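File shown: target-v5.cif (mmCIF, C-alpha atoms).
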data_model
#
loop_
_atom_site.group_PDB
_atom_site.id
_atom_site.type_symbol
_atom_site.label_atom_id
_atom_site.label_comp_id
_atom_site.auth_asym_id
_atom_site.auth_seq_id
_atom_site.Cartn_x
_atom_site.Cartn_y
_atom_site.Cartn_z
ATOM 1 C CA MET A 1 -8.434 14.005 -3.240
ATOM 2 C CA ALA A 2 -7.918 11.328 -0.600
ATOM 3 C CA HIS A 3 -4.755 9.271 -0.318
ATOM 4 C CA GLU A 4 -3.512 9.717 -3.852
ATOM 5 C CA TYR A 5 0.143 8.972 -4.473
ATOM 6 C CA GLY A 6 1.614 12.060 -6.040
ATOM 7 C CA SER A 7 -0.086 15.395 -6.521
ATOM 8 C CA ARG A 8 -2.126 17.098 -9.197
ATOM 9 C CA ALA A 9 0.595 19.760 -9.468
ATOM 10 C CA ALA A 10 3.279 17.125 -10.122
ATOM 11 C CA LEU A 11 1.057 15.420 -12.694
ATOM 12 C CA LYS A 12 0.402 18.730 -14.481
ATOM 13 C CA GLN A 13 4.123 19.440 -14.630
ATOM 14 C CA ARG A 14 4.785 15.963 -16.040
ATOM 15 C CA LEU A 15 2.126 16.427 -18.721
ATOM 16 C CA GLY A 16 3.180 19.972 -19.621
ATOM 17 C CA ILE A 17 -0.072 21.523 -18.384
ATOM 18 C CA GLU A 18 0.205 25.030 -16.960
ATOM 19 C CA ALA A 19 -0.276 25.171 -13.179
ATOM 20 C CA ASP A 20 -3.100 27.738 -13.442
ATOM 21 C CA ASP A 21 -4.990 25.775 -16.142
ATOM 22 C CA THR A 22 -7.921 24.111 -14.345
ATOM 23 C CA THR A 23 -9.768 22.769 -17.381
ATOM 24 C CA ALA A 24 -8.416 19.231 -16.973
ATOM 25 C CA ASP A 25 -8.394 19.066 -13.160
ATOM 26 C CA ALA A 26 -11.290 16.598 -12.914
ATOM 27 C CA LEU A 27 -9.655 14.220 -15.411
ATOM 28 C CA LEU A 28 -6.275 14.557 -13.694
ATOM 29 C CA ASP A 29 -7.801 13.832 -10.286
ATOM 30 C CA SER A 30 -9.620 10.818 -11.684
ATOM 31 C CA ALA A 31 -6.426 9.455 -13.272
ATOM 32 C CA LEU A 32 -4.423 10.018 -10.080
ATOM 33 C CA GLY A 33 -7.073 8.312 -7.949
ATOM 34 C CA ALA A 34 -7.358 5.356 -10.317
ATOM 35 C CA SER A 35 -3.592 4.891 -10.532
ATOM 36 C CA SER A 36 -3.275 5.025 -6.732
ATOM 37 C CA ARG A 37 -6.025 2.475 -6.112
ATOM 38 C CA GLY A 38 -4.617 0.318 -8.922
ATOM 39 C CA ILE A 39 -1.264 0.231 -7.136
ATOM 40 C CA ASP A 40 -3.013 -0.693 -3.870
ATOM 41 C CA ASN A 41 -4.849 -3.540 -5.612
ATOM 42 C CA ALA A 42 -1.763 -4.793 -7.468
ATOM 43 C CA THR A 43 0.460 -4.835 -4.372
ATOM 44 C CA GLY A 44 -2.105 -5.962 -1.807
ATOM 45 C CA ARG A 45 -1.265 -3.072 0.506
ATOM 46 C CA ARG A 46 -1.711 0.664 0.881
ATOM 47 C CA PHE A 47 0.932 3.312 1.292
ATOM 48 C CA TRP A 48 -0.697 5.881 3.571
ATOM 49 C CA LEU A 49 -1.005 5.863 7.339
ATOM 50 C CA ASP A 50 -4.290 5.872 9.277
ATOM 51 C CA GLU A 51 -4.863 9.126 11.127
ATOM 52 C CA THR A 52 -6.023 7.294 14.265
ATOM 53 C CA ALA A 53 -5.559 3.813 15.692
ATOM 54 C CA VAL A 54 -8.008 1.231 14.314
ATOM 55 C CA PRO A 55 -8.563 -2.339 15.622
ATOM 56 C CA ARG A 56 -8.207 -5.414 13.420
ATOM 57 C CA VAL A 57 -8.834 -8.996 14.536
ATOM 58 C CA TYR A 58 -6.723 -11.953 13.411
ATOM 59 C CA ARG A 59 -7.309 -15.679 13.694
ATOM 60 C CA LEU A 60 -4.094 -17.611 14.289
ATOM 61 C CA ALA A 61 -4.732 -20.233 11.600
ATOM 62 C CA GLY A 62 -2.424 -19.579 8.656
ATOM 63 C CA ARG A 63 -0.931 -16.455 10.256
ATOM 64 C CA VAL A 64 1.636 -17.887 12.692
ATOM 65 C CA VAL A 65 5.146 -18.881 11.662
ATOM 66 C CA CYS A 66 7.293 -20.790 14.157
ATOM 67 C CA GLU A 67 10.738 -19.219 14.515
ATOM 68 C CA ALA A 68 13.675 -20.271 16.694
ATOM 69 C CA ASP A 69 13.007 -17.416 19.130
ATOM 70 C CA GLY A 70 9.188 -17.618 19.210
ATOM 71 C CA ASP A 71 6.008 -17.510 17.168
ATOM 72 C CA LEU A 72 5.690 -14.837 14.522
ATOM 73 C CA LEU A 73 2.156 -13.490 13.945
ATOM 74 C CA LEU A 74 1.858 -12.050 10.440
ATOM 75 C CA VAL A 75 -0.177 -8.828 10.398
ATOM 76 C CA ASP A 76 -1.086 -6.117 7.938
ATOM 77 C CA ASP A 77 1.357 -3.216 7.539
ATOM 78 C CA ILE A 78 1.804 -1.244 10.763
ATOM 79 C CA GLY A 79 3.195 2.239 10.178
ATOM 80 C CA ASN A 80 3.232 3.668 13.707
ATOM 81 C CA VAL A 81 3.484 2.005 17.132
ATOM 82 C CA ASP A 82 2.653 4.990 19.356
ATOM 83 C CA ASP A 83 -0.896 3.690 19.945
ATOM 84 C CA LEU A 84 -0.174 -0.044 19.472
ATOM 85 C CA VAL A 85 -2.315 -2.309 21.674
ATOM 86 C CA VAL A 86 -2.295 -6.113 21.321
ATOM 87 C CA GLU A 87 -5.018 -8.214 22.955
ATOM 88 C CA LEU A 88 -5.950 -11.903 23.107
ATOM 89 C CA GLY A 89 -9.518 -13.159 23.387
ATOM 90 C CA GLY A 90 -12.714 -12.903 21.421
ATOM 91 C CA GLY A 91 -16.202 -11.410 21.378
ATOM 92 C CA SER A 92 -16.427 -8.875 24.210
ATOM 93 C CA SER A 93 -13.646 -10.410 26.314
ATOM 94 C CA TRP A 94 -10.151 -9.185 25.465
ATOM 95 C CA THR A 95 -6.964 -9.161 27.565
ATOM 96 C CA VAL A 96 -4.125 -6.754 26.827
ATOM 97 C CA ILE A 97 -0.800 -8.546 26.460
ATOM 98 C CA THR A 98 2.829 -7.495 26.449
ATOM 99 C CA GLY A 99 6.019 -9.438 25.827
ATOM 100 C CA TYR A 100 6.026 -9.257 22.038
ATOM 101 C CA GLU A 101 8.462 -7.661 19.614
ATOM 102 C CA THR A 102 7.745 -5.934 16.325
ATOM 103 C CA GLN A 103 9.310 -7.397 13.197
ATOM 104 C CA PRO A 104 11.298 -6.866 11.075
ATOM 105 C CA ASP A 105 13.829 -5.200 13.339
ATOM 106 C CA ASN A 106 14.280 -1.464 12.642
ATOM 107 C CA ALA A 107 11.464 -1.450 10.073
ATOM 108 C CA LEU A 108 10.042 1.957 11.015
ATOM 109 C CA ALA A 109 13.522 3.496 11.269
ATOM 110 C CA ASP A 110 14.134 2.317 7.696
ATOM 111 C CA GLY A 111 10.824 3.770 6.449
ATOM 112 C CA ALA A 112 9.250 0.315 6.083
ATOM 113 C CA PRO A 113 6.191 -1.035 7.904
ATOM 114 C CA ILE A 114 6.096 -3.609 10.672
ATOM 115 C CA THR A 115 4.624 -6.809 9.232
ATOM 116 C CA ALA A 116 4.744 -9.236 12.162
ATOM 117 C CA LEU A 117 4.697 -9.541 15.942
ATOM 118 C CA LEU A 118 7.062 -12.019 17.625
ATOM 119 C CA ARG A 119 6.121 -13.614 20.955
ATOM 120 C CA SER A 120 8.403 -16.109 22.665
ATOM 121 C CA GLY A 121 5.597 -17.733 24.679
ATOM 122 C CA GLY A 122 3.400 -18.338 21.641
ATOM 123 C CA TRP A 123 0.061 -16.752 20.759
ATOM 124 C CA GLY A 124 -2.299 -19.321 22.276
ATOM 125 C CA THR A 125 -4.417 -22.153 20.993
ATOM 126 C CA TYR A 126 -5.702 -22.666 17.474
ATOM 127 C CA ASN A 127 -9.011 -20.857 18.134
ATOM 128 C CA THR A 128 -7.427 -17.853 19.895
ATOM 129 C CA ARG A 129 -7.964 -14.486 18.275
ATOM 130 C CA VAL A 130 -5.619 -11.537 18.415
ATOM 131 C CA ARG A 131 -6.908 -7.980 18.249
ATOM 132 C CA VAL A 132 -4.324 -5.415 17.180
ATOM 133 C CA THR A 133 -5.158 -1.732 17.482
ATOM 134 C CA THR A 134 -2.726 0.597 15.749
ATOM 135 C CA ARG A 135 -2.255 3.007 12.870
ATOM 136 C CA TRP A 136 -2.160 0.803 9.761
ATOM 137 C CA GLY A 137 -0.304 1.496 6.532
ATOM 138 C CA PHE A 138 3.168 2.666 5.564
ATOM 139 C CA PRO A 139 4.992 5.137 7.828
ATOM 140 C CA THR A 140 5.692 7.358 4.801
ATOM 141 C CA GLU A 141 4.813 7.121 1.139
ATOM 142 C CA PRO A 142 7.756 5.521 -0.708
ATOM 143 C CA ASN A 143 9.233 7.585 -3.557
ATOM 144 C CA ASP A 144 8.929 4.541 -5.839
ATOM 145 C CA ILE A 145 5.176 4.436 -5.259
ATOM 146 C CA THR A 146 4.776 8.168 -5.930
ATOM 147 C CA GLU A 147 6.715 7.858 -9.186
ATOM 148 C CA ALA A 148 4.792 4.740 -10.262
ATOM 149 C CA SER A 149 1.490 6.496 -9.599
ATOM 150 C CA LEU A 150 2.496 9.542 -11.647
ATOM 151 C CA ILE A 151 3.634 7.312 -14.533
ATOM 152 C CA GLN A 152 0.345 5.412 -14.490
ATOM 153 C CA ALA A 153 -1.768 8.559 -14.027
ATOM 154 C CA SER A 154 -0.040 10.159 -17.037
ATOM 155 C CA ARG A 155 -0.821 7.059 -19.042
ATOM 156 C CA LEU A 156 -4.458 7.014 -17.909
ATOM 157 C CA TYR A 157 -4.898 10.720 -18.672
ATOM 158 C CA LYS A 158 -3.502 10.259 -22.198
ATOM 159 C CA ARG A 159 -5.716 7.210 -22.715
ATOM 160 C CA LYS A 160 -8.586 9.518 -23.724
ATOM 161 C CA ASP A 161 -6.565 10.231 -26.891
ATOM 162 C CA SER A 162 -6.078 6.554 -27.757
ATOM 163 C CA PRO A 163 -9.428 4.988 -28.609
ATOM 164 C CA GLU A 164 -9.411 1.204 -28.600
ATOM 165 C CA GLY A 165 -5.916 1.281 -27.041
ATOM 166 C CA ILE A 166 -4.255 2.376 -30.288
ATOM 167 C CA ILE A 167 -1.797 5.251 -30.487
ATOM 168 C CA GLY A 168 -0.022 6.647 -33.456
ATOM 169 C CA SER A 169 2.289 9.294 -34.804
ATOM 170 C CA ALA A 170 3.513 10.339 -38.218
ATOM 171 C CA GLU A 171 7.021 9.264 -37.284
ATOM 172 C CA TRP A 172 6.332 5.826 -35.749
ATOM 173 C CA GLY A 173 3.022 4.820 -37.272
ATOM 174 C CA VAL A 174 0.156 3.120 -35.435
ATOM 175 C CA ARG A 175 0.652 0.645 -32.597
ATOM 176 C CA ASN A 176 -1.253 -0.900 -29.690
ATOM 177 C CA LEU A 177 -0.586 0.225 -26.143
ATOM 178 C CA SER A 178 1.055 -2.421 -23.986
ATOM 179 C CA ARG A 179 -1.104 -3.841 -21.216
ATOM 180 C CA ARG A 180 1.327 -2.855 -18.459
ATOM 181 C CA ASP A 181 3.862 -0.081 -18.257
ATOM 182 C CA PRO A 182 7.204 -1.807 -17.558
ATOM 183 C CA ASP A 183 8.652 1.153 -15.646
ATOM 184 C CA MET A 184 5.634 1.395 -13.358
ATOM 185 C CA TRP A 185 5.734 -2.339 -12.656
ATOM 186 C CA ALA A 186 9.480 -2.273 -11.984
ATOM 187 C CA LEU A 187 8.852 0.398 -9.334
ATOM 188 C CA ILE A 188 6.011 -1.398 -7.524
ATOM 189 C CA GLU A 189 7.269 -4.982 -7.848
ATOM 190 C CA PRO A 190 9.374 -4.946 -4.636
ATOM 191 C CA TYR A 191 6.231 -3.946 -2.673
ATOM 192 C CA ILE A 192 3.930 -6.698 -3.967
ATOM 193 C CA LEU A 193 2.805 -9.082 -1.238
ATOM 194 C CA PRO A 194 2.969 -12.804 -2.086
ATOM 195 C CA GLY A 195 -0.222 -13.870 -3.817
ATOM 196 C CA PHE A 196 -0.836 -10.459 -5.437
ATOM 197 C CA GLY A 197 0.253 -8.921 -8.739
#
How would this structure read if it were set down as structure tokens?
Amino acid sequence: MAHEYGSRAALKQRLGIEADDTTADALLDSALGASSRGIDNATGRRFWLDETAVPRVYRLAGRVVCEADGDLLLVDDIGNVDDLVVELGGGSSWTVITGYETQPDNALADGAPITALLRSGGWGTYNTRVRVTTRWGFPTEPNDITEASLIQASRLYKRKDSPEGIIGSAEWGVRNLSRRDPDMWALIEPYILPGFG
């Protein structure tokens, strides 16, 4: 499994499946993977950290916000600044720059990602590009995201027993499954980027 939120063991425990029972492992892995990627798609971000620094290039148009103390370049989630390199330029000509601050203040200390770079002298002209090389993603997987993934994976795993989205019991009768699990959405809602969800 790669970058699933939660573990197969936790999902088995939640579903009441014995730890040494491997008969449903493929279905559990599939449900966990689908719930994790569904959360990524719904929030517009991912909650794991790259193993190595990776470059991404940004155009300034639509990504710079003018603040009282400088220009704020909005970037994807940065989860580690140990290998952070910021360059201006384009094509094969890039110049390393300094004199920027990561924003929001204390983000990594609070377990949240850096989402912007502040530079008092501005970022350049309209056609300037900024190349940021760093480890992208969240510094650590938030507990809310793990819980939301396990809720959704449990739901997806049980879906095999509800053809046509209908569930039933002798006590409650037959009913349709709701489109979205309200508990799962309450957990991921604070992480949704504007324009997603």
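Proximity of A:Gly16, A:Pro190, A:Gly122, A:Pro104 to A:Val65, computed with all atoms listed in the file, is greatest for A:Gly122.
When only C-alpha atoms are used to measure the gap to A:Asn106, the shortest distance among A:His3, A:Gly79, A:Leu60, A:Ala19 belongs to A:Gly79.
When all atoms listed in the file are used to measure the gap to A:Ala186, the shortest distance among A:Ala148, A:Thr52, A:Lys160, A:Tyr126 belongs to A:Ala148.
The shortest atom-to-atom distance to A:Ile145, with only C-alpha atoms taken into account, belongs to A:Ile39 out of A:Ile39, A:Ile17, A:Leu118, A:Val130.
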Leaving out A:Gly137 and any residue of its chain fewer than 6 positions from it, which residues lie within 8 Å of it when counting only C-alpha atoms, given as a compact mmCIF listing (two decimals) with C-alpha atoms, in the coordinates of the input?
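File produced: part.txt:
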# COMPACT_ATOMS: atom_id res chain seq x y z
CA ARG A 45 -1.26 -3.07 0.51
CA ARG A 46 -1.71 0.66 0.88
CA PHE A 47 0.93 3.31 1.29
CA TRP A 48 -0.70 5.88 3.57
CA LEU A 49 -1.00 5.86 7.34
CA ASP A 50 -4.29 5.87 9.28
CA ASP A 76 -1.09 -6.12 7.94
CA ASP A 77 1.36 -3.22 7.54
CA ILE A 78 1.80 -1.24 10.76
CA GLY A 79 3.20 2.24 10.18
CA PRO A 113 6.19 -1.03 7.90
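If you look at atom CA of A:Ile188 and atom CA of A:Glu51, they are 24.0 Å away from each other.
Among A:Leu150, A:Leu74, A:Ala53, A:Leu88, the residue with the shortest atom-to-atom distance to A:Leu15, counting all atoms listed in the file, is A:Leu150.
In this structure, atom CA of A:Thr102 sits 9.3 Å away from atom CA of A:Leu72.
Nearest to A:Ser36 of all the residues A:Cys66, A:Ala9, A:Ile151, A:Val54 is A:Ile151, counting all atoms listed in the file.
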Can you spell out as a CSV table (one decimal) with C-alpha atoms, keeping the file's coordinate frame the set of residues that the PyMOL selection byres ((chain A and resi 96) around 12) selects in the structure I just provided?
chain,number,residue,atom,x,y,z
A,84,LEU,CA,-0.2,0.0,19.5
A,85,VAL,CA,-2.3,-2.3,21.7
A,86,VAL,CA,-2.3,-6.1,21.3
A,87,GLU,CA,-5.0,-8.2,23.0
A,88,LEU,CA,-6.0,-11.9,23.1
A,89,GLY,CA,-9.5,-13.2,23.4
A,90,GLY,CA,-12.7,-12.9,21.4
A,93,SER,CA,-13.6,-10.4,26.3
A,94,TRP,CA,-10.2,-9.2,25.5
A,95,THR,CA,-7.0,-9.2,27.6
A,97,ILE,CA,-0.8,-8.5,26.5
A,98,THR,CA,2.8,-7.5,26.4
A,99,GLY,CA,6.0,-9.4,25.8
A,100,TYR,CA,6.0,-9.3,22.0
A,130,VAL,CA,-5.6,-11.5,18.4
A,131,ARG,CA,-6.9,-8.0,18.2
A,132,VAL,CA,-4.3,-5.4,17.2
A,133,THR,CA,-5.2,-1.7,17.5
Task: Point-to-point distance from atom CA of A:Thr115 to atom CA of A:Thr128, Å rounded to tenths - done: 19.5 Å
Task: All residues 6 Å or closer to A:Ala116, all atoms listed in the file, same chain fewer than 5 positions away omitted, as a VMD selection string - done: chain A and resid 73 to 75 103
Using all atoms listed in the file, find each residue of stretch 89-164 of chain A with at least one atom at most 8 Å away from an atom of stretch 29-35 of chain A; report its shortest atom-to-atom pair and that distance in Å (one decimal), sort the rows by chain and rising residue number, and return the result as a tab-separated table.
residue	atom	partner	partner_atom	distance
A:Ser149	CA	A:Ser35	CA	5.4
A:Leu150	CA	A:Leu32	CA	7.1
A:Gln152	CA	A:Ser35	CA	5.6
A:Ala153	CA	A:Ala31	CA	4.8
A:Ser154	CA	A:Ala31	CA	7.4
A:Leu156	CA	A:Ala31	CA	5.6
A:Tyr157	CA	A:Ala31	CA	5.8
I need the residues from that last selection saved to file as an mmCIF file, in the coordinates of the input (with C-alpha atoms), if you can.
data_model
loop_
_atom_site.group_PDB
_atom_site.id
_atom_site.type_symbol
_atom_site.label_atom_id
_atom_site.label_comp_id
_atom_site.auth_asym_id
_atom_site.auth_seq_id
_atom_site.Cartn_x
_atom_site.Cartn_y
_atom_site.Cartn_z
ATOM 1 C CA SER A 149 1.490 6.496 -9.599
ATOM 2 C CA LEU A 150 2.496 9.542 -11.647
ATOM 3 C CA GLN A 152 0.345 5.412 -14.490
ATOM 4 C CA ALA A 153 -1.768 8.559 -14.027
ATOM 5 C CA SER A 154 -0.040 10.159 -17.037
ATOM 6 C CA LEU A 156 -4.458 7.014 -17.909
ATOM 7 C CA TYR A 157 -4.898 10.720 -18.672
#
- [ ] Given the file shown, determine the residues that the PyMOL selection byres ((chain A and resi 111) around 10) selects; report them as an NGL selection string.
- [x] :A and (79 or 106-110 or 112-114 or 138-142)
